[in-house]
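See structure below.
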Amino acid sequence: MMTAVTKSTIGFIGTGVMGKSMAGHLLTAGYPVHVYNRTKAKAEELIAAGAVWNDTVAELSSKADVIITMVGYPKDVEETYLGEGGILAHAKEGAYVIDMTTSSPMLAKKIYEAAKQKNIHTLDAPVSGGDIGAREARLAIMVGGDETAFEAVQPILEKMGANIVYQGSAGAGQHTKMCNQIAIASGMIGVCEAMVYAKRAGLDPENVLKSISTGAAGSWSLSNLAPRMLKGDFVPGFYIKHFIKDMGIALEAAEEMGMMTPGLKLTKSLYDELAEKGEENKGTQALYRLIDEQI
């Protein structure tokens, strides 16, 4: 068993909606935190709180014992890890790297194999819980990679999440996240349809929520996103464009397994329609507007 990583220097790449809160919890816990983001303005709050800014991924990677990434798309993950100026080209031997982006299971395996050649420990550890879960440090974290590496960095993961489960070898974390996104996808249609139905039936939708959110229909989306829909709050806790990316990864993986995914295909088609209408930077709860024929 590897010794648990405790007060090592952490490098955090990607300080957007989720990453800002996650890195903030590590700062609060007393870890020295170095940060990098393509847009420096998104890291200013963390810098003001004591994080050290780095101008490049390479600079950050050379200083950190543990490197965490929370970036946008698989192509960003690949460039950040495998590019000439990327993590694996500049990280210390024996470092731990944790990709918390929702990305491709096959890419996670590719990064794992490349890192192994350099004696760098890698984990794919995507999360669920949205901006609220990140802010309150109660994310669900799904982890793939070597179990010994997971045990070593578990104290760090515990500063960002409340439900942390080791799922298996490299790629297993990403496959688990695909299960999560598939379950959310069809459920989101149901939440939006229910809220529009309540409105069209002349009911008070907020009152309806009091009845149905604690029964068999209950879900995270119903409890957390339906109230936002009703208030006309479509600020992203999770971007539509990122959800479309996730559903694309899940569809590709499902097709490779020869699996039917009718609910996932329908949901992606509706979100693609939203993106075509210019809504890709709204939160996933904006599907309500399409169902309600507001756009």
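Residues in the structure tokens are named by chain (A, B, ... in the order shown) and by number from 1 within that chain; ligands are numbered from 1 in the order shown.
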
Among region 41-235 of chain A, which residues carry a DSSP assignment of strand (DSSP E), reported as a ChimeraX atom specification? /A:52-53,66-69,96-99,121-124,127-128,139-145,161-168

With a distance cut-off of 10 Å and only C-alpha atoms, select the neighbouring residues of Gly144 (chain A), excluding the residue or stretch itself and same-chain residues fewer than 4 positions from it, and output the selection as a ChimeraX atom specification. /A:98-99,105,108-109,112,122-126,149-150,165-176

Selection above as a file: C-alpha atoms, as a short mmCIF file (atom, residue, chain, number, x, y, z; two decimals), in the first residue's frame:
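This went into result.cif:
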```cif
data_model
loop_
_atom_site.label_atom_id
_atom_site.label_comp_id
_atom_site.auth_asym_id
_atom_site.auth_seq_id
_atom_site.Cartn_x
_atom_site.Cartn_y
_atom_site.Cartn_z
CA ILE A 98 -6.09 12.92 -11.40
CA ASP A 99 -8.34 13.81 -14.31
CA PRO A 105 -12.82 5.86 -21.12
CA ALA A 108 -8.23 7.47 -19.79
CA LYS A 109 -6.61 4.13 -20.60
CA TYR A 112 -2.69 5.62 -17.93
CA THR A 122 -2.86 8.31 -12.96
CA LEU A 123 -6.52 8.17 -11.98
CA ASP A 124 -9.65 9.02 -13.93
CA ALA A 125 -12.04 10.47 -11.35
CA PRO A 126 -15.03 12.25 -12.94
CA ALA A 149 -2.88 5.18 -6.17
CA PHE A 150 -6.51 5.76 -5.21
CA VAL A 165 -16.04 5.08 -4.79
CA TYR A 166 -13.19 3.15 -6.38
CA GLN A 167 -14.67 1.51 -9.49
CA GLY A 168 -11.77 -0.48 -10.96
CA SER A 169 -8.92 -0.22 -13.46
CA ALA A 170 -8.13 2.75 -15.73
CA GLY A 171 -11.25 3.95 -17.56
CA ALA A 172 -13.66 2.54 -14.96
CA GLY A 173 -14.31 5.97 -13.48
CA GLN A 174 -15.26 7.35 -16.88
CA HIS A 175 -17.49 4.37 -17.67
CA THR A 176 -19.27 4.91 -14.33
#
```

Using only C-alpha atoms, what does the table of region 146-248 of chain A residues within 8 Å of region 19-43 of chain A look like, with each row giving the shortest atom pair and its distance in Å to one decimal, sorted by chain and ascending number, as a tab-separated table?
```
residue	atom	partner	partner_atom	distance
A:Ile156	CA	A:Leu26	CA	7.4
A:Lys159	CA	A:His25	CA	6.2
A:Met160	CA	A:Met22	CA	5.6
```

Please save N, CA and C atoms of the selected residues as an mmCIF file, in the first residue's frame.
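In the end it all went to result.cif:
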```
data_model
loop_
_atom_site.group_PDB
_atom_site.id
_atom_site.type_symbol
_atom_site.label_atom_id
_atom_site.label_comp_id
_atom_site.auth_asym_id
_atom_site.auth_seq_id
_atom_site.Cartn_x
_atom_site.Cartn_y
_atom_site.Cartn_z
ATOM 1 N N ILE A 156 -7.160 13.644 -0.286
ATOM 2 C CA ILE A 156 -7.359 14.840 -1.104
ATOM 3 C C ILE A 156 -8.756 14.833 -1.718
ATOM 4 N N LYS A 159 -11.633 16.010 0.417
ATOM 5 C CA LYS A 159 -11.840 17.452 0.619
ATOM 6 C C LYS A 159 -12.818 18.032 -0.407
ATOM 7 N N MET A 160 -13.074 17.280 -1.483
ATOM 8 C CA MET A 160 -13.932 17.788 -2.555
ATOM 9 C C MET A 160 -15.252 17.034 -2.689
#
```

Please provide as number ranges by chain all residues within 9 Å of Tyr239 (chain A), with the sequence filter that same-chain residues fewer than 6 positions apart are discarded (counting only C-alpha atoms). A: 280-284

Against region 205-222 of chain A, which residues of region 45-134 of chain A fall within 12 Å? For each one I want the closest pair of atoms and the distance in Å (one decimal), counting only C-alpha atoms, rows by chain and increasing residue number, as a tab-separated table.
```
residue	atom	partner	partner_atom	distance
A:Ser128	CA	A:Trp220	CA	10.6
A:Gly129	CA	A:Trp220	CA	8.5
A:Gly130	CA	A:Trp220	CA	10.2
A:Ile132	CA	A:Trp220	CA	11.0
A:Gly133	CA	A:Trp220	CA	10.8
```

Among A:Ala275, A:Val17, A:Gly11, A:Glu293, Arg200 (chain A) is approached most closely, using only C-alpha atoms, by A:Glu293

Near region 253-266 of chain A, counting only C-alpha atoms, which residues have an atom at most 8 Å away, once you skip same-chain residues fewer than 5 positions from it, shown as a list of chain:residue names?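 With the cut-off at 8 Å, the set is A:Ile182, A:Ala185, A:Ser186, A:Met247.
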
How many Å lie between CA of Gly278 (chain A) and CA of Thr15 (chain A), rounded to one decimal?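 CA of Gly278 (chain A) sits 24.2 Å away from CA of Thr15 (chain A).
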
Among listed residues A:Leu139, A:Phe238, A:Asp233, A:Ala89, nearest Gly16 (chain A) (using only C-alpha atoms):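 Distance minimum relative to Gly16 (chain A) lands on A:Phe238.
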
Report, in Å to a single decimal, how far apart CA of Ile13 (chain A) and CA of Glu136 (chain A) are. 19.9 Å

Please provide as a ChimeraX atom specification all residues within 8 Å of Thr102 (chain A), with the sequence filter that same-chain residues fewer than 3 positions apart are discarded (counting only C-alpha atoms). /A:73-74,126-127,174,177,246

Given only C-alpha atoms as the counted atoms, nearest of A:Ser104, A:Ala198, A:Gly232, A:Val143 to Glu252 (chain A):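 Counting only C-alpha atoms, the residue closest to Glu252 (chain A) is A:Ser104.
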
One decimal, in Å: what's the spacing between CA of Ser61 (chain A) and CA of Gly248 (chain A)?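 That distance, rounded to one decimal, is 29.9 Å.
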
Would you please work out which residue, of A:Val77, A:Ala201, A:Ile120, A:Leu157, is nearest to Leu107 (chain A) when using only C-alpha atoms?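 The closest residue to Leu107 (chain A) is A:Val77.
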
Would you return as a VMD selection string the members of region 186-239 of chain A that DSSP assigns to helix (DSSP H, G or I) on this structure's backbone? chain A and resid 186 to 200 205 to 212 220 to 224 226 to 231

Please produce a file of the residues just selected, as a compact mmCIF listing (two decimals), in the first residue's frame, where the atoms kept are N, CA, C and O atoms.
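The resulting out_28.txt:
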```txt
# COMPACT_ATOMS: atom_id res chain seq x y z
N SER A 186 -32.49 10.87 -19.72
CA SER A 186 -33.93 10.65 -19.88
C SER A 186 -34.71 11.26 -18.72
O SER A 186 -35.82 11.77 -18.90
N GLY A 187 -34.11 11.25 -17.53
CA GLY A 187 -34.77 11.83 -16.36
C GLY A 187 -35.01 13.32 -16.52
O GLY A 187 -36.03 13.86 -16.06
N MET A 188 -34.09 14.00 -17.21
CA MET A 188 -34.24 15.45 -17.40
C MET A 188 -35.44 15.77 -18.26
O MET A 188 -36.17 16.75 -18.03
N ILE A 189 -35.71 14.93 -19.27
CA ILE A 189 -36.91 15.13 -20.09
C ILE A 189 -38.15 15.02 -19.20
O ILE A 189 -39.06 15.84 -19.28
N GLY A 190 -38.19 14.00 -18.34
CA GLY A 190 -39.33 13.80 -17.46
C GLY A 190 -39.56 14.97 -16.52
O GLY A 190 -40.72 15.40 -16.31
N VAL A 191 -38.48 15.51 -15.96
CA VAL A 191 -38.60 16.65 -15.04
C VAL A 191 -39.20 17.86 -15.78
O VAL A 191 -40.13 18.51 -15.29
N CYS A 192 -38.66 18.15 -16.97
CA CYS A 192 -39.16 19.30 -17.74
C CYS A 192 -40.62 19.11 -18.14
O CYS A 192 -41.44 20.04 -18.02
N GLU A 193 -40.97 17.91 -18.62
CA GLU A 193 -42.35 17.65 -19.03
C GLU A 193 -43.31 17.78 -17.85
O GLU A 193 -44.41 18.32 -17.98
N ALA A 194 -42.89 17.29 -16.68
CA ALA A 194 -43.75 17.36 -15.50
C ALA A 194 -44.03 18.81 -15.10
O ALA A 194 -45.16 19.17 -14.75
N MET A 195 -42.99 19.65 -15.16
CA MET A 195 -43.16 21.05 -14.77
C MET A 195 -44.02 21.81 -15.77
O MET A 195 -44.86 22.64 -15.40
N VAL A 196 -43.85 21.52 -17.06
CA VAL A 196 -44.69 22.17 -18.07
C VAL A 196 -46.13 21.68 -17.94
O VAL A 196 -47.09 22.47 -18.04
N TYR A 197 -46.31 20.40 -17.69
CA TYR A 197 -47.66 19.83 -17.51
C TYR A 197 -48.36 20.52 -16.34
O TYR A 197 -49.54 20.90 -16.44
N ALA A 198 -47.65 20.68 -15.22
CA ALA A 198 -48.25 21.33 -14.04
C ALA A 198 -48.71 22.75 -14.38
O ALA A 198 -49.81 23.17 -14.01
N LYS A 199 -47.87 23.45 -15.12
CA LYS A 199 -48.19 24.82 -15.53
C LYS A 199 -49.41 24.86 -16.45
O LYS A 199 -50.36 25.63 -16.24
N ARG A 200 -49.44 23.97 -17.45
CA ARG A 200 -50.54 23.97 -18.42
C ARG A 200 -51.86 23.50 -17.78
O ARG A 200 -52.94 23.87 -18.24
N PRO A 205 -46.86 25.09 -9.95
CA PRO A 205 -45.79 24.10 -10.11
C PRO A 205 -44.91 23.94 -8.86
O PRO A 205 -44.46 22.83 -8.56
N GLU A 206 -44.70 25.03 -8.13
CA GLU A 206 -43.88 24.93 -6.92
C GLU A 206 -44.58 24.09 -5.86
O GLU A 206 -43.94 23.34 -5.11
N ASN A 207 -45.88 24.20 -5.80
CA ASN A 207 -46.66 23.38 -4.87
C ASN A 207 -46.65 21.92 -5.30
O ASN A 207 -46.59 21.01 -4.47
N VAL A 208 -46.71 21.70 -6.61
CA VAL A 208 -46.63 20.34 -7.15
C VAL A 208 -45.30 19.69 -6.73
O VAL A 208 -45.27 18.52 -6.33
N LEU A 209 -44.24 20.47 -6.79
CA LEU A 209 -42.92 19.94 -6.40
C LEU A 209 -42.92 19.43 -4.97
O LEU A 209 -42.25 18.44 -4.65
N LYS A 210 -43.65 20.12 -4.09
CA LYS A 210 -43.71 19.69 -2.69
C LYS A 210 -44.27 18.27 -2.57
O LYS A 210 -43.88 17.51 -1.69
N SER A 211 -45.18 17.92 -3.47
CA SER A 211 -45.79 16.59 -3.43
C SER A 211 -44.93 15.53 -4.10
O SER A 211 -44.79 14.43 -3.59
N ILE A 212 -44.36 15.87 -5.26
CA ILE A 212 -43.74 14.81 -6.05
C ILE A 212 -42.24 14.63 -5.83
O ILE A 212 -41.69 13.57 -6.13
N TRP A 220 -32.38 14.02 -8.00
CA TRP A 220 -31.55 15.22 -7.80
C TRP A 220 -32.01 16.33 -8.73
O TRP A 220 -32.15 17.49 -8.32
N SER A 221 -32.29 15.98 -9.98
CA SER A 221 -32.70 17.00 -10.95
C SER A 221 -34.04 17.63 -10.56
O SER A 221 -34.23 18.84 -10.69
N LEU A 222 -34.97 16.81 -10.08
CA LEU A 222 -36.27 17.34 -9.69
C LEU A 222 -36.14 18.28 -8.50
O LEU A 222 -36.77 19.34 -8.46
N SER A 223 -35.30 17.92 -7.53
CA SER A 223 -35.15 18.75 -6.32
C SER A 223 -34.33 20.00 -6.56
O SER A 223 -34.61 21.05 -5.97
N ASN A 224 -33.31 19.92 -7.40
CA ASN A 224 -32.37 21.02 -7.54
C ASN A 224 -32.56 21.86 -8.81
O ASN A 224 -32.30 23.06 -8.79
N ALA A 226 -35.52 21.66 -11.07
CA ALA A 226 -36.90 22.10 -11.33
C ALA A 226 -37.18 23.47 -10.70
O ALA A 226 -37.78 24.34 -11.36
N PRO A 227 -36.75 23.74 -9.45
CA PRO A 227 -36.98 25.09 -8.90
C PRO A 227 -36.31 26.19 -9.73
O PRO A 227 -36.86 27.29 -9.88
N ARG A 228 -35.14 25.89 -10.29
CA ARG A 228 -34.47 26.87 -11.14
C ARG A 228 -35.28 27.12 -12.42
O ARG A 228 -35.40 28.26 -12.88
N MET A 229 -35.80 26.05 -13.00
CA MET A 229 -36.63 26.19 -14.21
C MET A 229 -37.80 27.13 -13.95
O MET A 229 -38.09 28.03 -14.75
N LEU A 230 -38.47 26.91 -12.82
CA LEU A 230 -39.68 27.68 -12.52
C LEU A 230 -39.38 29.15 -12.26
O LEU A 230 -40.21 30.02 -12.47
N LYS A 231 -38.14 29.44 -11.80
CA LYS A 231 -37.74 30.83 -11.55
C LYS A 231 -37.18 31.49 -12.80
O LYS A 231 -36.82 32.68 -12.78
```
